[in-house]
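Structure below is coords_13.txt: compact mmCIF, C-alpha atoms and all ligand atoms.
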# COMPACT_ATOMS: atom_id res chain seq x y z
CA MET A 1 -21.36 56.47 36.46
CA ARG A 2 -18.86 55.16 33.95
CA GLN A 3 -16.36 57.63 32.58
CA ILE A 4 -15.29 57.06 28.97
CA GLY A 5 -12.09 58.55 27.57
CA ILE A 6 -11.91 59.44 23.90
CA LEU A 7 -8.53 60.13 22.32
CA GLY A 8 -9.23 62.78 19.69
CA GLY A 9 -11.88 65.49 19.77
CA GLY A 10 -12.97 65.80 16.13
CA GLN A 11 -16.46 65.19 14.80
CA LEU A 12 -16.27 61.42 15.37
CA GLY A 13 -15.32 62.02 19.00
CA MET A 14 -18.08 64.61 19.35
CA LEU A 15 -20.82 62.37 17.95
CA LEU A 16 -19.58 59.43 20.03
CA ALA A 17 -19.52 61.62 23.16
CA GLU A 18 -23.18 62.55 22.53
CA SER A 19 -24.15 58.88 22.38
CA VAL A 20 -22.16 57.99 25.50
CA GLN A 21 -23.80 60.84 27.42
CA ARG A 22 -27.26 59.87 26.15
CA HIS A 23 -26.64 56.39 27.50
CA GLY A 24 -25.78 57.73 30.94
CA GLY A 25 -21.98 57.85 30.72
CA LYS A 26 -19.55 60.71 31.18
CA VAL A 27 -16.84 61.60 28.68
CA VAL A 28 -13.31 62.93 28.91
CA ILE A 29 -11.83 64.16 25.62
CA TYR A 30 -8.07 64.21 24.99
CA ASP A 31 -6.94 66.45 22.16
CA PRO A 32 -4.00 68.79 21.59
CA ASP A 33 -6.32 71.38 20.00
CA PRO A 34 -8.17 73.50 22.57
CA ARG A 35 -10.78 74.28 19.90
CA ALA A 36 -11.57 70.58 19.16
CA PRO A 37 -15.35 70.29 18.57
CA ALA A 38 -15.85 67.42 21.02
CA ALA A 39 -14.15 69.25 23.89
CA LYS A 40 -16.95 71.83 23.85
CA THR A 41 -19.69 69.25 24.36
CA VAL A 42 -18.33 67.44 27.42
CA SER A 43 -17.66 68.46 30.99
CA GLN A 44 -14.00 67.40 31.04
CA SER A 45 -11.24 67.57 28.51
CA ILE A 46 -7.48 67.39 28.54
CA CYS A 47 -5.58 69.54 26.10
CA ALA A 48 -2.06 68.20 25.67
CA THR A 49 0.22 66.78 23.00
CA TRP A 50 0.05 63.11 21.95
CA THR A 51 3.39 62.46 23.62
CA ASP A 52 2.75 64.17 26.97
CA THR A 53 3.13 61.14 29.25
CA GLN A 54 1.95 62.97 32.36
CA ALA A 55 -1.23 64.18 30.68
CA ILE A 56 -1.89 60.70 29.26
CA GLU A 57 -1.43 59.19 32.71
CA LYS A 58 -3.91 61.69 34.16
CA PHE A 59 -6.35 60.86 31.36
CA PHE A 60 -6.13 57.13 32.00
CA GLY A 61 -6.56 57.79 35.73
CA LYS A 62 -9.90 59.52 35.10
CA CYS A 63 -11.44 56.90 32.80
CA ASP A 64 -13.00 53.44 33.15
CA ALA A 65 -12.54 52.60 29.45
CA ILE A 66 -10.73 54.31 26.60
CA THR A 67 -11.29 54.51 22.87
CA TYR A 68 -9.96 56.66 20.03
CA GLU A 69 -11.60 58.46 17.14
CA PHE A 70 -8.73 58.39 14.68
CA GLU A 71 -5.83 56.08 13.93
CA ASN A 72 -2.98 58.52 14.14
CA VAL A 73 -2.84 58.53 17.92
CA GLU A 74 0.76 57.92 19.06
CA SER A 75 0.43 54.33 20.21
CA GLY A 76 3.92 54.42 21.77
CA ALA A 77 2.90 57.09 24.29
CA ILE A 78 -0.19 55.12 25.36
CA ALA A 79 1.56 51.75 25.58
CA PRO A 80 2.82 52.21 29.20
CA PHE A 81 -0.82 52.50 30.38
CA GLU A 82 -2.18 49.69 28.24
CA ASN A 83 -2.75 47.33 31.14
CA SER A 84 -4.15 49.92 33.53
CA LYS A 85 -7.52 50.37 31.77
CA PRO A 86 -9.34 48.64 28.90
CA ILE A 87 -8.60 50.22 25.52
CA LEU A 88 -11.28 49.33 22.96
CA PRO A 89 -10.27 48.32 20.33
CA SER A 90 -6.90 47.25 21.72
CA LEU A 91 -3.55 48.87 21.09
CA HIS A 92 -2.63 45.90 18.92
CA VAL A 93 -5.60 46.68 16.65
CA LEU A 94 -4.70 50.38 16.59
CA ARG A 95 -1.08 49.62 15.67
CA THR A 96 -2.12 47.25 12.89
CA CYS A 97 -4.58 49.67 11.33
CA GLN A 98 -2.39 52.78 11.62
CA ASP A 99 0.44 51.28 9.62
CA ARG A 100 -0.28 50.20 6.07
CA ILE A 101 2.52 47.63 6.13
CA LEU A 102 1.12 45.89 9.24
CA GLU A 103 -2.40 46.22 7.85
CA LYS A 104 -1.59 44.67 4.48
CA THR A 105 0.53 41.99 6.12
CA PHE A 106 -2.40 41.14 8.40
CA LEU A 107 -4.71 40.79 5.35
CA LYS A 108 -2.16 38.61 3.61
CA ASP A 109 -1.58 36.34 6.63
CA ALA A 110 -5.32 36.07 7.31
CA GLY A 111 -5.99 35.09 3.68
CA LEU A 112 -8.34 38.06 3.30
CA PRO A 113 -8.68 39.57 -0.18
CA HIS A 114 -6.43 42.55 -1.00
CA VAL A 115 -4.63 44.06 -3.97
CA ASN A 116 -1.06 42.97 -4.54
CA PHE A 117 1.50 45.13 -2.78
CA ALA A 118 5.21 45.56 -2.18
CA ILE A 119 7.10 47.38 0.55
CA ALA A 120 9.84 49.77 -0.54
CA LYS A 121 12.33 51.60 1.64
CA SER A 122 14.13 53.71 -0.94
CA PRO A 123 13.46 55.21 -4.38
CA GLN A 124 15.56 52.36 -5.82
CA GLN A 125 13.34 49.76 -4.13
CA VAL A 126 10.23 51.48 -5.50
CA ILE A 127 11.63 51.05 -9.01
CA GLU A 128 12.52 47.41 -8.28
CA SER A 129 9.06 46.69 -6.86
CA LEU A 130 7.52 47.60 -10.22
CA ALA A 131 8.60 44.17 -11.46
CA ASP A 132 6.12 42.60 -9.05
CA VAL A 133 3.55 45.43 -8.91
CA PRO A 134 3.61 46.94 -12.40
CA PHE A 135 1.89 50.14 -13.58
CA PRO A 136 -0.78 51.24 -12.96
CA CYS A 137 -0.06 51.28 -9.25
CA VAL A 138 -0.61 53.48 -6.23
CA LEU A 139 2.20 54.65 -3.95
CA LYS A 140 1.20 55.25 -0.35
CA THR A 141 2.97 56.43 2.76
CA THR A 142 2.66 53.80 5.45
CA ARG A 143 1.48 56.13 8.22
CA GLY A 144 -0.47 59.32 8.71
CA GLY A 145 -2.45 59.23 5.44
CA TYR A 146 -6.13 60.10 5.25
CA ASP A 147 -8.51 61.46 2.62
CA GLY A 148 -6.00 60.45 -0.05
CA LYS A 149 -3.13 62.37 1.56
CA GLY A 150 0.29 60.77 1.14
CA GLN A 151 -0.75 58.92 -2.02
CA ALA A 152 0.24 59.06 -5.67
CA PHE A 153 -1.37 57.24 -8.57
CA ALA A 154 1.35 56.07 -10.94
CA ARG A 155 1.04 55.10 -14.59
CA THR A 156 4.54 55.90 -15.84
CA ASN A 157 8.09 56.28 -14.52
CA ARG A 158 7.69 60.02 -14.91
CA SER A 159 4.57 60.12 -12.75
CA ILE A 160 6.33 58.57 -9.75
CA LYS A 161 9.16 61.12 -9.70
CA PRO A 162 7.44 63.73 -7.45
CA PHE A 163 6.54 61.02 -4.94
CA LEU A 164 10.11 59.70 -4.92
CA GLN A 165 11.41 63.19 -4.27
CA SER A 166 8.95 63.72 -1.43
CA ASN A 167 10.13 63.77 2.16
CA THR A 168 8.76 60.40 3.19
CA ILE A 169 10.91 58.19 1.06
CA SER A 170 13.95 60.43 0.99
CA GLU A 171 13.92 60.29 4.80
CA GLY A 172 14.13 56.52 4.56
CA LEU A 173 10.55 55.84 5.69
CA PRO A 174 9.03 52.85 3.92
CA VAL A 175 6.17 53.15 1.44
CA ILE A 176 3.64 50.73 0.00
CA VAL A 177 3.42 50.15 -3.72
CA GLU A 178 0.07 48.56 -4.50
CA ALA A 179 -1.76 47.45 -7.62
CA ALA A 180 -4.30 49.99 -8.86
CA ALA A 181 -7.75 48.48 -8.82
CA ASP A 182 -10.18 49.21 -11.65
CA ILE A 183 -12.94 50.08 -9.20
CA ALA A 184 -16.60 49.69 -10.14
CA LEU A 185 -17.85 50.52 -6.67
CA GLU A 186 -16.47 51.33 -3.23
CA VAL A 187 -18.32 50.11 -0.17
CA SER A 188 -17.74 49.88 3.57
CA CYS A 189 -19.07 47.66 6.32
CA ILE A 190 -19.01 48.22 10.07
CA VAL A 191 -18.74 45.32 12.49
CA ALA A 192 -19.17 45.73 16.24
CA ARG A 193 -17.99 43.21 18.84
CA SER A 194 -18.27 43.44 22.60
CA PRO A 195 -16.04 41.80 25.21
CA SER A 196 -19.17 40.03 26.49
CA GLY A 197 -19.46 38.12 23.20
CA GLU A 198 -22.03 40.12 21.22
CA GLU A 199 -21.29 40.63 17.55
CA ILE A 200 -23.28 42.61 15.01
CA VAL A 201 -22.74 43.78 11.47
CA PHE A 202 -24.33 46.83 9.84
CA PRO A 203 -25.79 46.72 6.34
CA VAL A 204 -23.24 47.59 3.62
CA PHE A 205 -22.79 51.27 2.65
CA GLU A 206 -21.96 52.42 -0.87
CA ASN A 207 -19.38 55.18 -1.01
CA ILE A 208 -18.74 57.76 -3.71
CA HIS A 209 -15.47 59.67 -3.46
CA LYS A 210 -14.38 62.93 -4.99
CA ASP A 211 -10.67 63.85 -5.00
CA HIS A 212 -10.11 60.82 -2.71
CA ILE A 213 -12.44 62.28 -0.07
CA LEU A 214 -15.76 60.64 0.74
CA ASP A 215 -18.45 62.65 -1.01
CA PHE A 216 -21.67 60.60 -0.66
CA THR A 217 -22.70 57.42 1.13
CA ILE A 218 -25.77 55.53 -0.06
CA PHE A 219 -27.62 53.27 2.36
CA PRO A 220 -28.15 50.47 1.66
CA ALA A 221 -25.56 49.85 -1.08
CA ARG A 222 -27.03 49.12 -4.51
CA ILE A 223 -25.70 45.57 -4.67
CA SER A 224 -27.20 42.09 -4.68
CA GLU A 225 -28.04 40.31 -1.47
CA ALA A 226 -25.39 37.69 -2.23
CA LEU A 227 -22.68 40.32 -2.63
CA SER A 228 -23.84 42.16 0.45
CA GLU A 229 -23.73 38.99 2.55
CA LYS A 230 -20.28 38.11 1.23
CA LEU A 231 -18.97 41.58 2.19
CA GLN A 232 -20.49 41.33 5.66
CA GLN A 233 -18.87 37.93 6.04
CA ILE A 234 -15.42 39.25 5.07
CA ALA A 235 -15.78 42.30 7.36
CA THR A 236 -16.78 40.02 10.24
CA GLU A 237 -13.88 37.68 9.55
CA ALA A 238 -11.47 40.66 9.58
CA ALA A 239 -12.84 41.83 12.96
CA ARG A 240 -12.60 38.34 14.44
CA ARG A 241 -9.11 37.67 13.14
CA LEU A 242 -7.92 41.03 14.45
CA ASP A 243 -9.62 40.41 17.80
CA VAL A 244 -11.52 43.68 17.68
CA TYR A 245 -13.65 44.71 20.64
CA GLY A 246 -15.33 47.94 19.62
CA LEU A 247 -15.94 48.92 15.98
CA LEU A 248 -14.09 47.89 12.86
CA THR A 249 -14.95 49.58 9.57
CA THR A 250 -13.69 47.72 6.53
CA GLU A 251 -13.43 49.58 3.22
CA PHE A 252 -13.71 47.52 0.05
CA PHE A 253 -13.02 47.89 -3.65
CA ILE A 254 -15.54 46.06 -5.85
CA CYS A 255 -14.17 45.47 -9.34
CA ARG A 256 -15.45 44.04 -12.61
CA LYS A 257 -11.93 42.94 -13.55
CA PRO A 258 -9.34 41.31 -11.27
CA ALA A 259 -6.40 43.47 -10.16
CA ALA A 260 -2.99 42.12 -11.29
CA ASN A 261 -1.49 39.33 -9.13
CA SER A 262 -4.01 40.01 -6.36
CA LEU A 263 -6.02 37.80 -4.00
CA ALA A 264 -9.71 38.38 -4.75
CA VAL A 265 -12.95 36.91 -3.46
CA GLU A 266 -15.28 36.46 -6.41
CA CYS A 267 -19.00 36.95 -6.02
CA ASP A 268 -21.80 37.68 -8.48
CA GLY A 269 -19.35 38.51 -11.28
CA TYR A 270 -17.38 40.93 -9.09
CA TYR A 271 -13.90 40.79 -7.57
CA ILE A 272 -13.79 41.94 -3.96
CA TYR A 273 -10.69 43.45 -2.26
CA VAL A 274 -10.33 44.90 1.23
CA ASN A 275 -8.80 48.36 0.82
CA GLU A 276 -8.20 49.38 4.42
CA MET A 277 -9.65 49.07 7.91
CA ALA A 278 -10.47 51.66 10.55
CA PRO A 279 -10.94 50.52 14.17
CA ARG A 280 -13.43 53.30 14.99
CA PRO A 281 -16.60 55.02 13.81
CA HIS A 282 -16.31 55.98 10.14
CA ASN A 283 -17.43 58.91 8.00
CA SER A 284 -19.56 56.55 5.89
CA GLY A 285 -21.27 55.36 9.09
CA HIS A 286 -22.76 58.83 9.72
CA VAL A 287 -25.68 57.65 7.62
CA THR A 288 -26.63 55.23 10.41
CA MET A 289 -27.62 58.21 12.59
CA SER A 290 -30.64 58.72 10.33
CA ALA A 291 -31.06 55.35 8.67
CA CYS A 292 -30.84 52.83 11.51
CA THR A 293 -32.53 52.02 14.78
CA LEU A 294 -29.09 52.46 16.38
CA SER A 295 -26.19 54.48 15.01
CA GLN A 296 -22.55 53.42 14.82
CA PHE A 297 -21.95 55.78 17.77
CA ASP A 298 -24.73 54.24 19.86
CA VAL A 299 -23.36 50.77 19.34
CA LEU A 300 -19.82 51.79 20.33
CA ALA A 301 -21.17 53.77 23.32
CA ARG A 302 -22.98 50.67 24.53
CA ILE A 303 -19.86 48.52 24.18
CA LEU A 304 -17.84 51.09 26.15
CA LEU A 305 -20.50 51.31 28.84
CA SER A 306 -20.89 47.49 29.05
CA ILE A 307 -24.57 47.51 28.16
CA PRO A 308 -26.19 45.23 25.55
CA MET A 309 -25.66 46.64 22.08
CA GLY A 310 -28.87 45.43 20.46
CA CYS A 311 -29.24 45.00 16.74
CA PRO A 312 -29.23 47.99 14.42
CA ARG A 313 -31.71 47.68 11.56
CA GLY A 314 -32.67 49.96 8.70
CA LEU A 315 -35.58 52.20 9.71
CA ALA A 316 -37.39 52.49 6.38
CA PRO A 317 -37.53 50.59 3.09
CA GLY A 318 -36.19 53.43 0.93
CA TYR A 319 -32.70 54.83 0.39
CA TYR A 320 -30.67 57.29 2.41
CA CYS A 321 -27.83 59.41 1.10
CA MET A 322 -25.29 61.11 3.36
CA GLY A 323 -23.38 64.01 1.82
CA ASN A 324 -20.32 65.61 3.36
CA LEU A 325 -20.16 69.36 3.79
CA LEU A 326 -16.58 70.52 3.32
CA GLY A 327 -15.24 73.95 4.22
CA ASP A 328 -15.48 74.82 0.52
CA VAL A 329 -19.26 75.31 0.92
CA TRP A 330 -18.63 77.92 3.61
CA LEU A 331 -15.96 79.60 1.50
CA ALA A 332 -18.27 79.66 -1.54
CA GLN A 333 -21.04 81.27 0.52
CA GLY A 334 -18.66 83.85 1.89
CA ALA A 335 -19.55 82.69 5.39
CA THR A 336 -16.92 84.23 7.63
CA THR A 337 -17.59 82.07 10.68
CA PRO A 338 -18.68 78.41 10.71
CA GLY A 339 -21.96 79.29 12.42
CA ASP A 340 -22.89 81.60 9.55
CA LEU A 341 -23.74 78.87 7.03
CA ASP A 342 -26.95 79.86 5.25
CA LEU A 343 -29.24 76.82 5.23
CA SER A 344 -32.23 78.48 3.55
CA ALA A 345 -31.90 76.01 0.63
CA LEU A 346 -33.45 73.43 2.97
CA ALA A 347 -36.85 74.90 2.10
CA GLN A 348 -36.57 73.51 -1.46
CA TYR A 349 -35.41 70.04 -0.46
CA PRO A 350 -37.90 68.08 1.64
CA GLU A 351 -35.74 65.01 0.92
CA VAL A 352 -33.14 66.37 3.37
CA ILE A 353 -34.02 64.81 6.71
CA ASP A 354 -30.98 65.77 8.75
CA VAL A 355 -28.16 68.31 8.87
CA VAL A 356 -25.27 67.98 11.34
CA LEU A 357 -22.68 70.76 11.67
CA TYR A 358 -19.60 70.00 13.73
CA GLY A 359 -18.93 73.48 15.13
CA LYS A 360 -15.32 73.58 13.95
CA ALA A 361 -13.65 76.88 14.67
CA GLU A 362 -12.53 77.63 11.12
CA ALA A 363 -13.79 76.70 7.65
CA ARG A 364 -11.01 75.53 5.35
CA SER A 365 -11.04 74.01 1.89
CA LYS A 366 -11.45 70.18 1.99
CA ARG A 367 -12.04 70.24 5.77
CA LYS A 368 -15.02 68.17 6.90
CA MET A 369 -17.33 70.68 8.60
CA GLY A 370 -20.64 68.82 8.63
CA HIS A 371 -22.90 66.41 6.78
CA PHE A 372 -26.52 65.96 5.82
CA VAL A 373 -28.78 63.04 4.92
CA THR A 374 -31.54 62.71 2.32
CA TYR A 375 -34.21 60.04 2.09
CA ALA A 376 -36.21 58.89 -0.96
CA ASP A 377 -37.96 55.78 -2.25
CA ASP A 378 -35.09 55.06 -4.63
CA ALA A 379 -31.32 55.60 -4.47
CA LYS A 380 -31.18 57.74 -7.61
CA THR A 381 -33.59 60.32 -6.18
CA ALA A 382 -31.85 60.35 -2.78
CA LEU A 383 -28.46 60.89 -4.46
CA LYS A 384 -29.76 63.51 -6.90
CA ALA A 385 -31.45 65.50 -4.14
CA ALA A 386 -28.24 65.34 -2.08
CA GLY A 387 -26.18 66.70 -4.98
CA GLN A 388 -28.70 69.44 -5.78
CA PHE A 389 -29.10 70.46 -2.14
CA ARG A 390 -25.35 70.83 -1.72
CA ASP A 391 -25.08 72.76 -5.00
CA SER A 392 -27.81 75.09 -3.75
CA LEU A 393 -25.92 75.65 -0.51
CA THR A 394 -22.77 76.35 -2.49
CA ASN A 395 -24.61 78.84 -4.68
CA THR A 396 -26.14 80.71 -1.75
CA ARG A 397 -24.40 83.91 -0.78
CA VAL A 398 -24.66 84.95 2.84
CA ALA A 399 -26.54 88.21 3.23
CA THR A 400 -23.55 90.17 4.53
CA SER A 401 -21.47 89.46 1.41
CA GLN A 402 -24.13 90.70 -1.02
CA PRO A 403 -23.58 94.14 -2.48
CA GLY A 404 -26.05 96.77 -1.35
P1 LIG A 501 -7.28 57.06 2.92
O1 LIG A 501 -8.77 56.85 2.95
O2 LIG A 501 -6.60 56.67 4.18
O3 LIG A 501 -6.85 58.37 2.40
P2 LIG A 501 -7.30 54.93 0.93
O4 LIG A 501 -6.28 53.89 0.78
O5 LIG A 501 -8.66 54.52 1.36
O6 LIG A 501 -6.66 56.03 1.89
O7 LIG A 501 -7.42 55.72 -0.44
C1 LIG A 501 -8.35 56.76 -0.67
C2 LIG A 501 -9.07 56.50 -1.99
O8 LIG A 501 -8.12 56.45 -3.07
C3 LIG A 501 -9.81 55.18 -2.03
O9 LIG A 501 -11.08 55.28 -1.41
C4 LIG A 501 -9.86 54.95 -3.55
O10 LIG A 501 -10.87 55.74 -4.14
C5 LIG A 501 -8.50 55.47 -4.02
N1 LIG A 501 -7.52 54.35 -4.02
C6 LIG A 501 -6.72 54.00 -3.00
N2 LIG A 501 -5.98 52.90 -3.31
C7 LIG A 501 -6.33 52.53 -4.55
C8 LIG A 501 -5.95 51.46 -5.42
N3 LIG A 501 -5.05 50.57 -5.07
N4 LIG A 501 -6.54 51.41 -6.63
C9 LIG A 501 -7.45 52.34 -7.02
N5 LIG A 501 -7.85 53.35 -6.25
C10 LIG A 501 -7.32 53.47 -5.03
MG MG A 502 -9.89 55.09 2.89

What is this structure when it is put down as structure tokens?
Amino acid sequence: MRQIGILGGGQLGMLLAESVQRHGGKVVIYDPDPRAPAAKTVSQSICATWTDTQAIEKFFGKCDAITYEFENVESGAIAPFENSKPILPSLHVLRTCQDRILEKTFLKDAGLPHVNFAIAKSPQQVIESLADVPFPCVLKTTRGGYDGKGQAFARTNRSIKPFLQSNTISEGLPVIVEAAADIALEVSCIVARSPSGEEIVFPVFENIHKDHILDFTIFPARISEALSEKLQQIATEAARRLDVYGLLTTEFFICRKPAANSLAVECDGYYIYVNEMAPRPHNSGHVTMSACTLSQFDVLARILLSIPMGCPRGLAPGYYCMGNLLGDVWLAQGATTPGDLDLSALAQYPEVIDVVLYGKAEARSKRKMGHFVTYADDAKTALKAAGQFRDSLTNTRVATSQPG
């Protein structure tokens, strides 16, 4: 039986572990947090820091193939074991996608569309870079950012001051200054490639963010076939050029107007830019668990287990909408433990076809604790039902917190 190692034990690791086990494999989870959700669902886990060389060596010793569920794995600590076992996608892919400078440079060198950017290593260089990347722009740390963390939207000299005083740049770490895109739509596209030469691309997902965190994903995206094909083509090209074996999720900005001094691909009256890439399952891809014949996790599990990955297709002609459940829903309900979420609102929403809770130990504001999926004949109804269902959950008070 093949043993698959997953670096990171969050919800992506947990859902991937389920797929691997369903396909006959065994899973070892590596995570510094003993309460990591994925560690509870597998027979073996290693709880150690990302730089514990001995623990990493032990982990590699146990596994036939290794993958990771988030980009911020310390690639330096894994590098000594790179040639001992297959890492899918490779360490080179991980390094490129975990560092915005390498990522943007890859896009530039590959001739893939992206918004104009500059690299700055000091507050002075940020100011100088404004000549090439004028306001409005977005300042981003090069590493460790997610869900909008480590970013600042800048319209004026005054608005960049807090970012310039932040630790990152004052410690001499470089930042990216990139043109702000006037976004009409955000979408993502997952490509899967196996070492045996199979290559598939999922339909395009439409993503709606709130406070820079993914809020809803609509499947399929409400775009023309031509635009959809163009996006799939660019996502596939990115995966090929990066030499990805495993999954690559490419996030795109779709704009009505071109971003300043930026390389766009034009299609159907839109300007397309790659925003960023993730070499792993993606939050937007959760929708595939309900909407497709095979989920993003199934496809990656099959690649890791060296079995044919098949071709994921949409299951029904209507629209699916995945909504994230953040810790705020638990806090609003007064649910004291994560298992206490009151789901009685489900009775009013037959459109909700799936609810997945990750079993995280503690509900915190903005923390991803679960998701759900609705289905309807049209996207508007699926999205509306998703919004109303989540509002109903938020407005439910758990029995114990009610007076009397
Ligand atoms: P992460 O997802 O790692 O936090 P992103 O670069 O994807 O970082 O940024 C998060 C969100 O912030 C994007 O999905 C988009 O909504 C917004 N954003 C990021 N960069 C830009 C940009 N250059 N122009 C406009 N909006 C942006
Ligand atoms: Mg993103």

Exercise for review: List the neighbours of stretch 312-323 of chain A out to 10 Å using all atoms listed in the file; skip same-chain residues closer than 6 positions along the sequence, and give me the result as a VMD selection string.
Suggested key: chain A and resid 200 to 203 205 to 208 214 to 222 283 to 296 298 to 299 351 to 355 370 to 387 389 to 390

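Straight-line separation from atom CA of A:Arg302 to atom CA of A:Ala65: 11.7 Å.
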
Check your understanding: Do you know which residues are within 7 Å of ligand MG 502 (chain A) using all atoms listed in the file? Can you write them as a ChimeraX atom specification?
Key -> /A:146-147,251,276

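Here atom CA of A:Thr394 is placed at a distance of 6.0 Å from atom CA of A:Gln333.
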
**Study point:** Nearby polymer residues, ligand LIG 501 (chain A), at most 7 Å, all atoms listed in the file, as number ranges by chain
**Key:** A: 115, 137-138, 145-149, 178-183, 186, 209, 212-213, 275-276

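Take the candidates A:Ala55, A:Ile29, A:Val244, A:Leu173 and check each one against A:Thr96 using only C-alpha atoms; the shortest distance goes to A:Val244.
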
Check your understanding: Which neighbours of A:Phe163 fall inside 7 Å, counting only C-alpha atoms, when residues of the same chain fewer than 3 positions from it are skipped, and could you give them as a PyMOL selection string?
Key -> chain A and resi 152+160+166

Practice item. Dump as a count of residues only all residues having an atom at most 10 Å from (-13.4, 45.7, -15.4), computed in the file's coordinates with only C-alpha atoms. Key: 12

Revision key, fill the gap. Nearest to A:Phe253, restricted to all atoms listed in the file and choosing among A:Ser188, A:Gln54, A:Ser224, A:Ser196, comes out as A:Ser188

Review point. In Å to one decimal, how far is atom CA of A:Cys189 from atom CA of A:Gly8?
Key: 22.5 Å

Can you rebuild stretch 56-61 of chain A with all heavy atoms and give it as a PDB file, keeping the file's coordinate frame?
ATOM      1  N   ILE A  56      -1.261  61.980  29.634  1.00  0.00           N
ATOM      2  CA  ILE A  56      -1.890  60.700  29.260  1.00  0.00           C
ATOM      3  C   ILE A  56      -2.169  59.874  30.520  1.00  0.00           C
ATOM      4  O   ILE A  56      -3.231  59.268  30.657  1.00  0.00           O
ATOM      5  CB  ILE A  56      -1.004  59.931  28.247  1.00  0.00           C
ATOM      6  CG1 ILE A  56      -0.942  60.709  26.912  1.00  0.00           C
ATOM      7  CG2 ILE A  56      -1.557  58.525  27.992  1.00  0.00           C
ATOM      8  CD1 ILE A  56       0.053  60.185  25.920  1.00  0.00           C
ATOM      9  N   GLU A  57      -1.229  59.921  31.453  1.00  0.00           N
ATOM     10  CA  GLU A  57      -1.430  59.190  32.710  1.00  0.00           C
ATOM     11  C   GLU A  57      -2.657  59.733  33.456  1.00  0.00           C
ATOM     12  O   GLU A  57      -3.487  58.975  33.961  1.00  0.00           O
ATOM     13  CB  GLU A  57      -0.176  59.305  33.577  1.00  0.00           C
ATOM     14  CG  GLU A  57      -0.259  58.444  34.822  1.00  0.00           C
ATOM     15  CD  GLU A  57       1.062  58.407  35.585  1.00  0.00           C
ATOM     16  OE1 GLU A  57       1.979  59.199  35.286  1.00  0.00           O
ATOM     17  OE2 GLU A  57       1.163  57.565  36.498  1.00  0.00           O
ATOM     18  N   LYS A  58      -2.766  61.053  33.481  1.00  0.00           N
ATOM     19  CA  LYS A  58      -3.910  61.690  34.160  1.00  0.00           C
ATOM     20  C   LYS A  58      -5.216  61.267  33.473  1.00  0.00           C
ATOM     21  O   LYS A  58      -6.205  60.930  34.126  1.00  0.00           O
ATOM     22  CB  LYS A  58      -3.717  63.215  34.066  1.00  0.00           C
ATOM     23  CG  LYS A  58      -4.704  64.017  34.863  1.00  0.00           C
ATOM     24  CD  LYS A  58      -4.271  65.493  34.878  1.00  0.00           C
ATOM     25  CE  LYS A  58      -5.493  66.376  34.967  1.00  0.00           C
ATOM     26  NZ  LYS A  58      -5.279  67.722  34.479  1.00  0.00           N
ATOM     27  N   PHE A  59      -5.174  61.258  32.155  1.00  0.00           N
ATOM     28  CA  PHE A  59      -6.350  60.860  31.360  1.00  0.00           C
ATOM     29  C   PHE A  59      -6.770  59.427  31.689  1.00  0.00           C
ATOM     30  O   PHE A  59      -7.944  59.156  31.968  1.00  0.00           O
ATOM     31  CB  PHE A  59      -5.979  61.018  29.883  1.00  0.00           C
ATOM     32  CG  PHE A  59      -7.003  60.544  28.892  1.00  0.00           C
ATOM     33  CD1 PHE A  59      -8.187  61.235  28.684  1.00  0.00           C
ATOM     34  CD2 PHE A  59      -6.762  59.391  28.129  1.00  0.00           C
ATOM     35  CE1 PHE A  59      -9.113  60.794  27.748  1.00  0.00           C
ATOM     36  CE2 PHE A  59      -7.682  58.951  27.189  1.00  0.00           C
ATOM     37  CZ  PHE A  59      -8.864  59.667  26.998  1.00  0.00           C
ATOM     38  N   PHE A  60      -5.812  58.530  31.687  1.00  0.00           N
ATOM     39  CA  PHE A  60      -6.130  57.130  32.000  1.00  0.00           C
ATOM     40  C   PHE A  60      -6.677  57.011  33.431  1.00  0.00           C
ATOM     41  O   PHE A  60      -7.567  56.213  33.696  1.00  0.00           O
ATOM     42  CB  PHE A  60      -4.899  56.233  31.816  1.00  0.00           C
ATOM     43  CG  PHE A  60      -4.790  55.665  30.427  1.00  0.00           C
ATOM     44  CD1 PHE A  60      -4.427  56.478  29.363  1.00  0.00           C
ATOM     45  CD2 PHE A  60      -5.081  54.329  30.168  1.00  0.00           C
ATOM     46  CE1 PHE A  60      -4.342  55.970  28.070  1.00  0.00           C
ATOM     47  CE2 PHE A  60      -5.002  53.807  28.877  1.00  0.00           C
ATOM     48  CZ  PHE A  60      -4.628  54.631  27.832  1.00  0.00           C
ATOM     49  N   GLY A  61      -6.125  57.834  34.335  1.00  0.00           N
ATOM     50  CA  GLY A  61      -6.560  57.790  35.730  1.00  0.00           C
ATOM     51  C   GLY A  61      -8.031  58.165  35.881  1.00  0.00           C
ATOM     52  O   GLY A  61      -8.722  57.673  36.771  1.00  0.00           O
TER      53      GLY A  61
END
